[in-house]
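Here is model-v1.cif, consisting of mmCIF, C-alpha atoms and all ligand atoms:
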```
data_input
loop_
_atom_site.group_PDB
_atom_site.id
_atom_site.type_symbol
_atom_site.label_atom_id
_atom_site.label_comp_id
_atom_site.auth_asym_id
_atom_site.auth_seq_id
_atom_site.Cartn_x
_atom_site.Cartn_y
_atom_site.Cartn_z
ATOM 1 C CA MET A 1 1.441 -24.746 21.302
ATOM 2 C CA SER A 2 3.982 -24.078 18.540
ATOM 3 C CA ILE A 3 4.486 -20.602 17.092
ATOM 4 C CA THR A 4 2.721 -21.720 13.895
ATOM 5 C CA GLU A 5 -0.344 -22.978 15.797
ATOM 6 C CA PHE A 6 -0.400 -19.746 17.793
ATOM 7 C CA ILE A 7 -0.347 -17.655 14.605
ATOM 8 C CA ILE A 8 -3.107 -19.673 12.950
ATOM 9 C CA LYS A 9 -5.278 -19.503 16.062
ATOM 10 C CA TYR A 10 -4.819 -15.793 16.789
ATOM 11 C CA GLU A 11 -4.190 -14.449 13.259
ATOM 12 C CA LYS A 12 -7.085 -11.975 13.330
ATOM 13 C CA ILE A 13 -6.328 -10.727 16.854
ATOM 14 C CA ILE A 14 -2.625 -10.253 16.010
ATOM 15 C CA ARG A 15 -3.465 -8.251 12.874
ATOM 16 C CA MET A 16 -6.161 -6.189 14.558
ATOM 17 C CA SER A 17 -3.958 -5.319 17.558
ATOM 18 C CA PHE A 18 -1.185 -4.069 15.282
ATOM 19 C CA PHE A 19 -3.693 -2.118 13.166
ATOM 20 C CA PHE A 20 -5.266 -0.286 16.109
ATOM 21 C CA GLY A 21 -1.920 0.158 17.875
ATOM 22 C CA MET A 22 -0.297 1.714 14.816
ATOM 23 C CA LEU A 23 -3.390 3.813 14.018
ATOM 24 C CA THR A 24 -3.351 5.296 17.533
ATOM 25 C CA LEU A 25 0.395 5.890 17.459
ATOM 26 C CA MET A 26 0.386 7.640 14.065
ATOM 27 C CA ALA A 27 -2.768 9.642 14.914
ATOM 28 C CA LEU A 28 -1.043 11.027 18.021
ATOM 29 C CA TRP A 29 2.131 11.754 16.029
ATOM 30 C CA GLU A 30 0.032 13.612 13.415
ATOM 31 C CA ILE A 31 -1.461 15.785 16.157
ATOM 32 C CA THR A 32 1.903 16.604 17.757
ATOM 33 C CA ALA A 33 3.930 17.139 14.545
ATOM 34 C CA ARG A 34 1.653 17.838 11.583
ATOM 35 C CA ARG A 35 3.236 18.087 8.103
ATOM 36 C CA ARG A 36 0.408 19.683 6.069
ATOM 37 C CA GLN A 37 -2.900 21.392 6.770
ATOM 38 C CA LEU A 38 -5.796 19.102 5.792
ATOM 39 C CA THR A 39 -8.118 20.432 3.063
ATOM 40 C CA ALA A 40 -11.178 18.437 4.195
ATOM 41 C CA SER A 41 -12.742 18.016 7.628
ATOM 42 C CA LYS A 42 -10.872 15.418 9.663
ATOM 43 C CA PRO A 43 -13.970 13.767 11.245
ATOM 44 C CA VAL A 44 -15.536 13.378 7.760
ATOM 45 C CA ARG A 45 -12.435 11.822 6.176
ATOM 46 C CA TRP A 46 -11.755 9.587 9.157
ATOM 47 C CA ALA A 47 -15.364 8.332 9.362
ATOM 48 C CA ASN A 48 -15.472 7.565 5.628
ATOM 49 C CA ASN A 49 -11.939 6.183 5.159
ATOM 50 C CA LEU A 50 -12.222 3.983 8.254
ATOM 51 C CA GLY A 51 -15.764 3.012 7.223
ATOM 52 C CA LEU A 52 -14.219 1.684 3.999
ATOM 53 C CA VAL A 53 -11.553 -0.206 5.987
ATOM 54 C CA PHE A 54 -14.193 -1.960 8.101
ATOM 55 C CA LEU A 55 -16.263 -2.759 5.015
ATOM 56 C CA ASN A 56 -13.163 -4.274 3.361
ATOM 57 C CA SER A 57 -12.310 -6.338 6.443
ATOM 58 C CA TYR A 58 -15.838 -7.732 6.453
ATOM 59 C CA VAL A 59 -15.816 -8.538 2.709
ATOM 60 C CA ILE A 60 -12.445 -10.287 3.038
ATOM 61 C CA PHE A 61 -13.624 -12.192 6.108
ATOM 62 C CA LEU A 62 -16.682 -13.436 4.204
ATOM 63 C CA LEU A 63 -14.791 -14.357 1.018
ATOM 64 C CA PHE A 64 -11.534 -15.671 2.455
ATOM 65 C CA PRO A 65 -12.068 -16.744 6.069
ATOM 66 C CA ALA A 66 -8.782 -18.712 6.086
ATOM 67 C CA ALA A 67 -6.804 -15.607 4.994
ATOM 68 C CA ALA A 68 -3.219 -15.660 3.682
ATOM 69 C CA VAL A 69 -1.972 -17.497 6.774
ATOM 70 C CA GLY A 70 -4.504 -20.290 6.123
ATOM 71 C CA VAL A 71 -3.336 -20.588 2.498
ATOM 72 C CA ALA A 72 0.318 -20.736 3.641
ATOM 73 C CA TRP A 73 -0.591 -23.456 6.152
ATOM 74 C CA PHE A 74 -2.344 -25.512 3.470
ATOM 75 C CA VAL A 75 0.550 -25.089 1.002
ATOM 76 C CA GLN A 76 3.023 -26.168 3.705
ATOM 77 C CA GLY A 77 0.966 -29.294 4.397
ATOM 78 C CA GLN A 78 1.113 -30.240 0.712
ATOM 79 C CA SER A 79 4.847 -29.405 0.493
ATOM 80 C CA TRP A 80 4.087 -27.141 -2.453
ATOM 81 C CA GLY A 81 6.081 -24.056 -3.362
ATOM 82 C CA LEU A 82 9.637 -23.268 -4.326
ATOM 83 C CA LEU A 83 10.946 -22.843 -0.768
ATOM 84 C CA ASN A 84 9.699 -26.295 0.262
ATOM 85 C CA PHE A 85 11.713 -27.856 -2.578
ATOM 86 C CA TYR A 86 15.071 -27.015 -1.041
ATOM 87 C CA GLN A 87 16.652 -27.428 2.382
ATOM 88 C CA ILE A 88 16.918 -23.757 3.323
ATOM 89 C CA PRO A 89 17.683 -22.498 6.858
ATOM 90 C CA PHE A 90 14.434 -21.276 8.424
ATOM 91 C CA TRP A 91 15.495 -17.654 8.924
ATOM 92 C CA ILE A 92 16.679 -17.333 5.298
ATOM 93 C CA SER A 93 13.319 -18.710 4.218
ATOM 94 C CA VAL A 94 11.485 -16.135 6.377
ATOM 95 C CA LEU A 95 13.650 -13.208 5.278
ATOM 96 C CA SER A 96 13.542 -14.046 1.568
ATOM 97 C CA SER A 97 9.758 -14.618 1.702
ATOM 98 C CA VAL A 98 9.171 -11.176 3.218
ATOM 99 C CA ILE A 99 11.444 -9.527 0.616
ATOM 100 C CA ILE A 100 9.893 -11.435 -2.325
ATOM 101 C CA LEU A 101 6.337 -10.648 -1.166
ATOM 102 C CA ASP A 102 7.289 -6.973 -0.907
ATOM 103 C CA PHE A 103 8.734 -7.022 -4.435
ATOM 104 C CA ILE A 104 5.487 -8.566 -5.751
ATOM 105 C CA ILE A 105 3.491 -5.779 -4.049
ATOM 106 C CA TYR A 106 5.736 -3.234 -5.797
ATOM 107 C CA LEU A 107 5.109 -4.893 -9.190
ATOM 108 C CA GLN A 108 1.378 -5.098 -8.466
ATOM 109 C CA HIS A 109 1.336 -1.398 -7.611
ATOM 110 C CA VAL A 110 3.062 -0.522 -10.916
ATOM 111 C CA MET A 111 0.553 -2.743 -12.737
ATOM 112 C CA VAL A 112 -2.533 -1.077 -11.223
ATOM 113 C CA HIS A 113 -1.183 2.283 -12.382
ATOM 114 C CA ALA A 114 -0.385 1.076 -15.925
ATOM 115 C CA ILE A 115 -3.495 -0.932 -16.849
ATOM 116 C CA PRO A 116 -6.480 1.394 -17.382
ATOM 117 C CA VAL A 117 -9.182 -0.823 -15.882
ATOM 118 C CA LEU A 118 -7.073 -1.517 -12.782
ATOM 119 C CA TRP A 119 -6.218 2.169 -12.447
ATOM 120 C CA ARG A 120 -9.973 2.773 -12.095
ATOM 121 C CA LEU A 121 -9.936 0.663 -8.930
ATOM 122 C CA HIS A 122 -6.659 2.056 -7.634
ATOM 123 C CA ARG A 123 -7.658 5.686 -8.182
ATOM 124 C CA VAL A 124 -9.900 5.332 -5.097
ATOM 125 C CA HIS A 125 -6.638 5.366 -3.117
ATOM 126 C CA HIS A 126 -5.339 8.404 -5.036
ATOM 127 C CA ALA A 127 -8.580 10.423 -5.094
ATOM 128 C CA ASP A 128 -8.205 11.141 -1.370
ATOM 129 C CA PRO A 129 -7.730 14.940 -1.345
ATOM 130 C CA ASP A 130 -5.529 14.652 1.745
ATOM 131 C CA PHE A 131 -2.753 12.356 2.861
ATOM 132 C CA ASP A 132 -2.875 10.966 6.389
ATOM 133 C CA VAL A 133 -2.745 7.680 8.288
ATOM 134 C CA THR A 134 -6.252 6.690 7.085
ATOM 135 C CA THR A 135 -5.213 7.072 3.408
ATOM 136 C CA GLY A 136 -2.884 4.100 3.960
ATOM 137 C CA ALA A 137 -5.800 1.702 4.316
ATOM 138 C CA ARG A 138 -8.153 3.347 1.804
ATOM 139 C CA PHE A 139 -8.612 0.920 -1.098
ATOM 140 C CA HIS A 140 -11.660 -0.143 -3.115
ATOM 141 C CA PRO A 141 -12.995 -3.586 -2.029
ATOM 142 C CA LEU A 142 -12.376 -4.941 -5.559
ATOM 143 C CA GLU A 143 -8.711 -3.900 -5.386
ATOM 144 C CA ILE A 144 -8.432 -5.588 -1.974
ATOM 145 C CA ILE A 145 -9.883 -8.794 -3.468
ATOM 146 C CA LEU A 146 -7.430 -8.567 -6.401
ATOM 147 C CA SER A 147 -4.531 -8.103 -3.944
ATOM 148 C CA MET A 148 -5.629 -11.125 -1.948
ATOM 149 C CA LEU A 149 -5.818 -13.342 -5.056
ATOM 150 C CA ILE A 150 -2.337 -12.223 -6.170
ATOM 151 C CA LYS A 151 -0.980 -12.822 -2.660
ATOM 152 C CA PHE A 152 -2.551 -16.311 -2.510
ATOM 153 C CA SER A 153 -1.014 -17.213 -5.903
ATOM 154 C CA VAL A 154 2.430 -16.075 -4.766
ATOM 155 C CA ILE A 155 2.086 -18.084 -1.541
ATOM 156 C CA VAL A 156 1.144 -21.217 -3.519
ATOM 157 C CA LEU A 157 4.160 -20.789 -5.836
ATOM 158 C CA LEU A 158 6.618 -19.756 -3.129
ATOM 159 C CA GLY A 159 5.546 -21.865 -0.116
ATOM 160 C CA PRO A 160 6.679 -19.307 2.513
ATOM 161 C CA PRO A 161 6.813 -20.190 6.245
ATOM 162 C CA ILE A 162 3.604 -19.184 8.071
ATOM 163 C CA VAL A 163 5.673 -16.899 10.327
ATOM 164 C CA ALA A 164 6.863 -15.011 7.234
ATOM 165 C CA VAL A 165 3.300 -14.466 6.015
ATOM 166 C CA ILE A 166 2.092 -12.967 9.299
ATOM 167 C CA ILE A 167 5.271 -10.856 9.610
ATOM 168 C CA PHE A 168 4.691 -9.565 6.076
ATOM 169 C CA GLU A 169 0.999 -8.805 6.641
ATOM 170 C CA VAL A 170 1.630 -6.936 9.884
ATOM 171 C CA LEU A 171 4.663 -5.134 8.441
ATOM 172 C CA LEU A 172 2.842 -4.060 5.265
ATOM 173 C CA ASN A 173 -0.137 -2.794 7.211
ATOM 174 C CA ALA A 174 1.997 -0.916 9.759
ATOM 175 C CA SER A 175 4.335 0.583 7.168
ATOM 176 C CA ALA A 176 1.392 1.689 4.984
ATOM 177 C CA MET A 177 0.014 3.606 7.962
ATOM 178 C CA PHE A 178 3.454 5.046 8.723
ATOM 179 C CA ASN A 179 4.323 6.114 5.173
ATOM 180 C CA HIS A 180 0.910 7.714 4.533
ATOM 181 C CA SER A 181 0.935 9.669 7.763
ATOM 182 C CA ASN A 182 0.813 13.445 7.851
ATOM 183 C CA VAL A 183 3.860 13.750 10.110
ATOM 184 C CA ARG A 184 6.822 16.080 10.104
ATOM 185 C CA MET A 185 10.222 14.480 10.553
ATOM 186 C CA PRO A 186 13.678 16.047 10.669
ATOM 187 C CA GLU A 187 15.141 16.088 7.140
ATOM 188 C CA GLY A 188 18.257 14.186 8.202
ATOM 189 C CA LEU A 189 16.218 11.411 9.814
ATOM 190 C CA ASP A 190 14.058 11.115 6.683
ATOM 191 C CA ARG A 191 17.167 10.805 4.508
ATOM 192 C CA VAL A 192 18.641 8.011 6.644
ATOM 193 C CA LEU A 193 15.330 6.135 7.046
ATOM 194 C CA ARG A 194 14.792 6.234 3.264
ATOM 195 C CA TRP A 195 17.551 3.705 2.769
ATOM 196 C CA ILE A 196 15.684 1.058 4.746
ATOM 197 C CA ILE A 197 11.985 1.978 4.694
ATOM 198 C CA VAL A 198 9.580 4.115 2.650
ATOM 199 C CA THR A 199 9.037 7.354 4.612
ATOM 200 C CA PRO A 200 5.954 9.630 4.536
ATOM 201 C CA ASP A 201 7.869 12.267 2.506
ATOM 202 C CA MET A 202 8.910 9.617 -0.028
ATOM 203 C CA HIS A 203 5.403 8.212 -0.499
ATOM 204 C CA ARG A 204 3.675 11.620 -0.494
ATOM 205 C CA VAL A 205 5.304 12.275 -3.885
ATOM 206 C CA HIS A 206 3.235 9.324 -5.186
ATOM 207 C CA HIS A 207 -0.004 11.109 -4.200
ATOM 208 C CA SER A 208 0.751 14.252 -6.218
ATOM 209 C CA VAL A 209 -1.735 15.406 -8.896
ATOM 210 C CA HIS A 210 1.175 15.536 -11.384
ATOM 211 C CA ASP A 211 1.206 12.370 -13.535
ATOM 212 C CA ASP A 212 4.980 11.916 -13.466
ATOM 213 C CA GLU A 213 5.110 12.160 -9.676
ATOM 214 C CA ALA A 214 2.076 9.894 -9.173
ATOM 215 C CA ASN A 215 3.767 7.310 -11.411
ATOM 216 C CA SER A 216 6.805 7.096 -9.152
ATOM 217 C CA ASN A 217 7.680 5.844 -5.637
ATOM 218 C CA PHE A 218 5.518 2.717 -5.829
ATOM 219 C CA GLY A 219 7.191 0.959 -2.886
ATOM 220 C CA PHE A 220 5.252 0.316 0.325
ATOM 221 C CA ASN A 221 7.827 -1.274 2.633
ATOM 222 C CA LEU A 222 11.283 -1.376 1.101
ATOM 223 C CA PRO A 223 12.446 1.718 -0.798
ATOM 224 C CA TRP A 224 14.978 -0.214 -2.896
ATOM 225 C CA TRP A 225 12.689 -1.325 -5.760
ATOM 226 C CA ASP A 226 12.020 2.255 -6.868
ATOM 227 C CA ARG A 227 15.725 3.126 -6.912
ATOM 228 C CA LEU A 228 16.594 -0.149 -8.623
ATOM 229 C CA PHE A 229 13.948 0.062 -11.348
ATOM 230 C CA GLY A 230 14.117 3.789 -12.066
ATOM 231 C CA THR A 231 10.777 4.851 -10.568
ATOM 232 C CA TYR A 232 12.265 6.953 -7.777
ATOM 233 C CA ILE A 233 11.591 10.683 -7.352
ATOM 234 C CA ASN A 234 13.291 12.323 -4.404
ATOM 235 C CA GLN A 235 10.960 15.274 -3.636
ATOM 236 C CA PRO A 236 7.754 16.800 -5.106
ATOM 237 C CA ARG A 237 8.555 19.768 -7.364
ATOM 238 C CA ASP A 238 5.992 22.009 -5.614
ATOM 239 C CA GLY A 239 7.334 21.135 -2.157
ATOM 240 C CA HIS A 240 5.592 19.042 0.494
ATOM 241 C CA GLU A 241 3.536 21.934 1.803
ATOM 242 C CA GLY A 242 2.751 23.464 -1.593
ATOM 243 C CA MET A 243 1.950 20.322 -3.588
ATOM 244 C CA THR A 244 -1.619 19.307 -4.465
ATOM 245 C CA ILE A 245 -2.731 15.835 -3.371
ATOM 246 C CA GLY A 246 -5.300 13.851 -5.362
ATOM 247 C CA ILE A 247 -6.379 13.351 -8.985
ATOM 248 C CA HIS A 248 -6.979 16.152 -11.509
ATOM 249 C CA LYS A 249 -10.484 15.191 -12.569
ATOM 250 C CA PHE A 250 -11.961 14.293 -9.204
ATOM 251 C CA HIS A 251 -12.557 17.014 -6.618
ATOM 252 C CA ASP A 252 -16.219 16.782 -5.615
ATOM 253 C CA PRO A 253 -16.243 15.882 -1.882
ATOM 254 C CA LYS A 254 -19.274 13.635 -2.443
ATOM 255 C CA GLN A 255 -17.168 11.639 -4.903
ATOM 256 C CA VAL A 256 -13.763 11.612 -3.209
ATOM 257 C CA SER A 257 -14.522 11.871 0.513
ATOM 258 C CA TRP A 258 -17.875 10.189 1.122
ATOM 259 C CA LEU A 259 -18.033 6.387 1.234
ATOM 260 C CA SER A 260 -20.990 6.199 -1.197
ATOM 261 C CA GLY A 261 -19.007 8.188 -3.802
ATOM 262 C CA ILE A 262 -15.763 6.316 -3.156
ATOM 263 C CA LEU A 263 -17.430 2.953 -3.824
ATOM 264 C CA ILE A 264 -18.757 3.965 -7.262
ATOM 265 C CA LEU A 265 -15.672 5.991 -8.255
ATOM 266 C CA PRO A 266 -14.160 3.146 -10.386
ATOM 267 C CA PHE A 267 -17.263 3.149 -12.585
ATOM 268 C CA LYS A 268 -17.259 6.908 -13.294
ATOM 269 C CA GLY A 269 -16.156 8.556 -16.539
ATOM 270 C CA LYS A 270 -14.723 7.253 -19.805
ATOM 271 C CA MET A 271 -11.781 4.870 -19.909
ATOM 272 C CA SER A 272 -8.657 7.029 -19.807
ATOM 273 C CA GLY A 273 -5.545 6.515 -21.908
ATOM 274 C CA TYR A 274 -3.066 3.742 -21.377
ATOM 275 C CA VAL A 275 -0.460 5.301 -19.135
ATOM 276 C CA ILE A 276 2.481 4.203 -21.294
ATOM 277 C CA ASN A 277 1.022 6.334 -24.096
ATOM 278 C CA ARG A 278 0.931 9.336 -21.791
ATOM 279 C CA ARG A 279 4.708 9.629 -21.793
ATOM 280 C CA GLN A 280 5.948 12.905 -23.156
ATOM 281 C CA TRP A 281 9.087 12.712 -25.186
ATOM 282 C CA SER A 282 11.410 15.613 -25.781
ATOM 283 C CA ASN A 283 14.691 15.911 -27.594
ATOM 284 C CA ASN A 284 16.523 16.162 -24.319
ATOM 285 C CA ASP A 285 15.141 12.860 -23.071
ATOM 286 C CA GLU A 286 17.686 10.126 -22.899
ATOM 287 C CA GLY A 287 15.267 7.279 -22.225
HETATM 288 ZN ZN ZN B 301 -0.646 4.245 -6.410
HETATM 289 ZN ZN ZN B 302 -0.478 5.570 -1.204
#
```
Could you spell out this file's structure in structure tokens?
Ligand SMILES: [Zn+2]
Ligand SMILES: [Zn+2]
Amino acid sequence: MSITEFIIKYEKIIRMSFFFGMLTLMALWEITARRRQLTASKPVRWANNLGLVFLNSYVIFLLFPAAAVGVAWFVQGQSWGLLNFYQIPFWISVLSSVIILDFIIYLQHVMVHAIPVLWRLHRVHHADPDFDVTTGARFHPLEIILSMLIKFSVIVLLGPPIVAVIIFEVLLNASAMFNHSNVRMPEGLDRVLRWIIVTPDMHRVHHSVHDDEANSNFGFNLPWWDRLFGTYINQPRDGHEGMTIGIHKFHDPKQVSWLSGILILPFKGKMSGYVINRRQWSNNDEG
């Protein structure tokens, strides 16, 4: 059996093993070195956030049984996609696919913050009043479907090796759980890690109630995009322990913590302003 056949056959088992492995690892790390005190009950948030994860997995399984790996396999068979046009060494193909897919996720993340109707879906992720390993997988089913469709389109255009797609999926899932975790790390280690991967302290800034902080640090895997495109904020102004996590308007536990409330959250309230119009200009601003 070739590596490609193995991946196609065991795709779900590979992804699930990494998910549960990483969840266990980060959960234990959170217990031994906690960064912040949780504001809500841990059993309640875990039951509801993980309930949403299982619901999403089921929806995705029903809608897209072949998953991203299946799409990549089909595209390869048709010799579609940019990477199949050229004779590129395999490892360069794998590496560039993972980096390009990560860049697309960064752009997608900026887009769901900027476009009001997409922000409604994405605010399910931000309405979590706490920040721990389960926040990393907490997305509205409609946002998950949107992500899948974007990912499929990129795979069709790019034609990445199947190995690259599974590496990317596992890496994105594992790093999302790592960078959302409520763990304390030595400052020096955080600073060094930040050059190669998004750390929990870096991504926590993105979950601040302050608009400017929430509209920064969009990266999930590689921290370079934020530095390169000017969306990087080093630390939250209220400090990691003092900062408030969540969204201004949404505090009711029934709405932000319970699965029933989370699912209808995108349909609540009036359409808010276009984020680009929310910019505040002052005379001191250079940009
Ligand atoms: Zn976000
Ligand atoms: Zn996040």
Residues within 7 Å of ligand ZN 302 (chain B) (only C-alpha atoms and all ligand atoms), as JSON, numbers by chain? {"A": [125, 126, 135, 136, 180, 203, 206, 207]}
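For ligand ZN 301 (chain B), the set of protein, DNA and RNA residues within 10 Å, based on all atoms listed in the file, reads Tyr106, Gln108, His109, Val110, Met111, Val112, His113, Trp119, His122, Arg123, Val124, His125, His126, His203, His206, His207, Ala214, Asn215, Ser216, Asn217, Phe218, Gly219 and Phe220 of chain A.
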Per residue of range 87-127 of chain A within 10 Å of range 162-177 of chain A, which atom pair is closest and at what distance in Å (one decimal), using all atoms listed in the file, listed by chain and increasing number, as a tab-separated table?
```
residue	atom	partner	partner_atom	distance
A:Phe90	CA	A:Ala164	CA	9.9
A:Trp91	CA	A:Ala164	CA	9.2
A:Ser93	CA	A:Ala164	CA	8.0
A:Val94	CA	A:Ala164	CA	4.8
A:Leu95	CA	A:Ala164	CA	7.3
A:Ser96	CA	A:Ala164	CA	8.8
A:Ser97	CA	A:Ala164	CA	6.3
A:Val98	CA	A:Phe168	CA	5.6
A:Ile99	CA	A:Phe168	CA	8.7
A:Leu101	CA	A:Phe168	CA	7.5
A:Asp102	CA	A:Phe168	CA	7.9
A:Ile105	CA	A:Leu172	CA	9.5
```
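The nearest approach to Leu149 in chain A among the residues A:Ile60, A:Val256, A:Leu121, A:Val205, with only C-alpha atoms taken into account, belongs to A:Ile60.
Here CA of Pro89 in chain A and CA of Trp224 in chain A stand 24.5 Å from one another.
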Neighbours of point (-1.6, -23.5, 13.3) within 12 Å, using only C-alpha atoms, written as a short mmCIF file (atom, residue, chain, number, x, y, z; two decimals) with C-alpha atoms, in the frame of the given file:
```
data_model
loop_
_atom_site.label_atom_id
_atom_site.label_comp_id
_atom_site.auth_asym_id
_atom_site.auth_seq_id
_atom_site.Cartn_x
_atom_site.Cartn_y
_atom_site.Cartn_z
CA MET A 1 1.44 -24.75 21.30
CA SER A 2 3.98 -24.08 18.54
CA ILE A 3 4.49 -20.60 17.09
CA THR A 4 2.72 -21.72 13.90
CA GLU A 5 -0.34 -22.98 15.80
CA PHE A 6 -0.40 -19.75 17.79
CA ILE A 7 -0.35 -17.66 14.60
CA ILE A 8 -3.11 -19.67 12.95
CA LYS A 9 -5.28 -19.50 16.06
CA TYR A 10 -4.82 -15.79 16.79
CA GLU A 11 -4.19 -14.45 13.26
CA ALA A 66 -8.78 -18.71 6.09
CA VAL A 69 -1.97 -17.50 6.77
CA GLY A 70 -4.50 -20.29 6.12
CA VAL A 71 -3.34 -20.59 2.50
CA ALA A 72 0.32 -20.74 3.64
CA TRP A 73 -0.59 -23.46 6.15
CA PHE A 74 -2.34 -25.51 3.47
CA GLN A 76 3.02 -26.17 3.70
CA GLY A 77 0.97 -29.29 4.40
CA PRO A 161 6.81 -20.19 6.24
CA ILE A 162 3.60 -19.18 8.07
CA VAL A 163 5.67 -16.90 10.33
CA ILE A 166 2.09 -12.97 9.30
#
```
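Distances here use all atoms listed in the file; by that measure, the residue among A:Ser260, A:Asn84, A:Ala47, A:Thr24 closest to Gly159 in chain A is A:Asn84.
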Using Å and a single decimal, report how far CA of Ile247 in chain A sits from CA of Leu50 in chain A.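 Distance between the two atoms: 20.5 Å.
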Near-Gly239 in chain A list (12 Å; all atoms listed in the file; drop same-chain fewer than 6 positions) as a ChimeraX atom specification: /A:35-36,201-202,204-205,208,213,245
Can you tell me which residues surround Leu63 in chain A at a distance of at most 12 Å, considering all atoms listed in the file, apart from same-chain residues fewer than 2 positions away, and format the answer as a PyMOL selection string? chain A and resi 56-61+65-68+141-142+144-146+148-149
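Near Ile262 in chain A, within 9 Å and counting all atoms listed in the file, sit A:Asn48, A:Leu52, A:Val124, A:Ala127, A:His140, A:Lys254, A:Gln255, A:Val256, A:Ser257, A:Trp258, A:Leu259, A:Leu265, A:Pro266, not including residues fewer than 3 positions from it in the same chain.
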Counting only C-alpha atoms, closest pick from A:Tyr86, A:Thr244, A:Arg120, A:Val133 relative to Ile264 in chain A is A:Arg120
Kindly give the distance, in Å, that separates CA of Ser79 in chain A and CA of Ile13 in chain A, rounded to a single decimal. 27.2 Å
Counting only C-alpha atoms, which residue out of A:Asn221, A:Gln37, A:Asn277, A:Ser153 sits closest to Phe178 in chain A?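 Among the listed residues, A:Asn221 lies closest to Phe178 in chain A.
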Measuring atom to atom with only C-alpha atoms, identify which of A:Pro129, A:Gly261, A:Lys270, A:Leu118 is nearest to Thr39 in chain A. A:Pro129
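Proximity to Gly81 in chain A was assessed for A:Tyr274, A:Asp190, A:Ile155, A:Ser181 counting only C-alpha atoms; the smallest distance is recorded for A:Ile155.
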Could you please fill out range 144-160 of chain A with N, CA and C atoms and send it back as a CSV table (one decimal), keeping the file's coordinate frame?
```csv
chain,number,residue,atom,x,y,z
A,144,ILE,N,-8.8,-4.7,-3.1
A,144,ILE,CA,-8.4,-5.6,-2.0
A,144,ILE,C,-8.6,-7.1,-2.4
A,145,ILE,N,-9.7,-7.4,-3.0
A,145,ILE,CA,-9.9,-8.8,-3.5
A,145,ILE,C,-8.8,-9.2,-4.5
A,146,LEU,N,-8.5,-8.3,-5.4
A,146,LEU,CA,-7.4,-8.6,-6.4
A,146,LEU,C,-6.1,-8.8,-5.7
A,147,SER,N,-5.8,-8.0,-4.7
A,147,SER,CA,-4.5,-8.1,-3.9
A,147,SER,C,-4.5,-9.5,-3.3
A,148,MET,N,-5.6,-9.8,-2.7
A,148,MET,CA,-5.6,-11.1,-1.9
A,148,MET,C,-5.3,-12.3,-2.9
A,149,LEU,N,-6.0,-12.2,-4.1
A,149,LEU,CA,-5.8,-13.3,-5.1
A,149,LEU,C,-4.4,-13.4,-5.5
A,150,ILE,N,-3.7,-12.2,-5.8
A,150,ILE,CA,-2.3,-12.2,-6.2
A,150,ILE,C,-1.5,-12.8,-5.0
A,151,LYS,N,-1.8,-12.4,-3.8
A,151,LYS,CA,-1.0,-12.8,-2.7
A,151,LYS,C,-1.1,-14.3,-2.5
A,152,PHE,N,-2.3,-14.9,-2.6
A,152,PHE,CA,-2.6,-16.3,-2.5
A,152,PHE,C,-1.7,-17.1,-3.6
A,153,SER,N,-1.7,-16.5,-4.8
A,153,SER,CA,-1.0,-17.2,-5.9
A,153,SER,C,0.5,-17.3,-5.6
A,154,VAL,N,1.0,-16.1,-5.1
A,154,VAL,CA,2.4,-16.1,-4.8
A,154,VAL,C,2.7,-17.1,-3.6
A,155,ILE,N,1.9,-17.2,-2.7
A,155,ILE,CA,2.1,-18.1,-1.5
A,155,ILE,C,2.1,-19.5,-2.0
A,156,VAL,N,1.2,-19.9,-3.0
A,156,VAL,CA,1.1,-21.2,-3.5
A,156,VAL,C,2.4,-21.5,-4.3
A,157,LEU,N,2.9,-20.6,-5.0
A,157,LEU,CA,4.2,-20.8,-5.8
A,157,LEU,C,5.4,-20.8,-5.0
A,158,LEU,N,5.4,-20.0,-3.9
A,158,LEU,CA,6.6,-19.8,-3.1
A,158,LEU,C,6.7,-20.7,-1.9
A,159,GLY,N,5.5,-21.0,-1.3
A,159,GLY,CA,5.5,-21.9,-0.1
A,159,GLY,C,6.3,-21.2,1.1
A,160,PRO,N,6.0,-20.0,1.4
A,160,PRO,CA,6.7,-19.3,2.5
A,160,PRO,C,6.3,-19.9,3.9
```
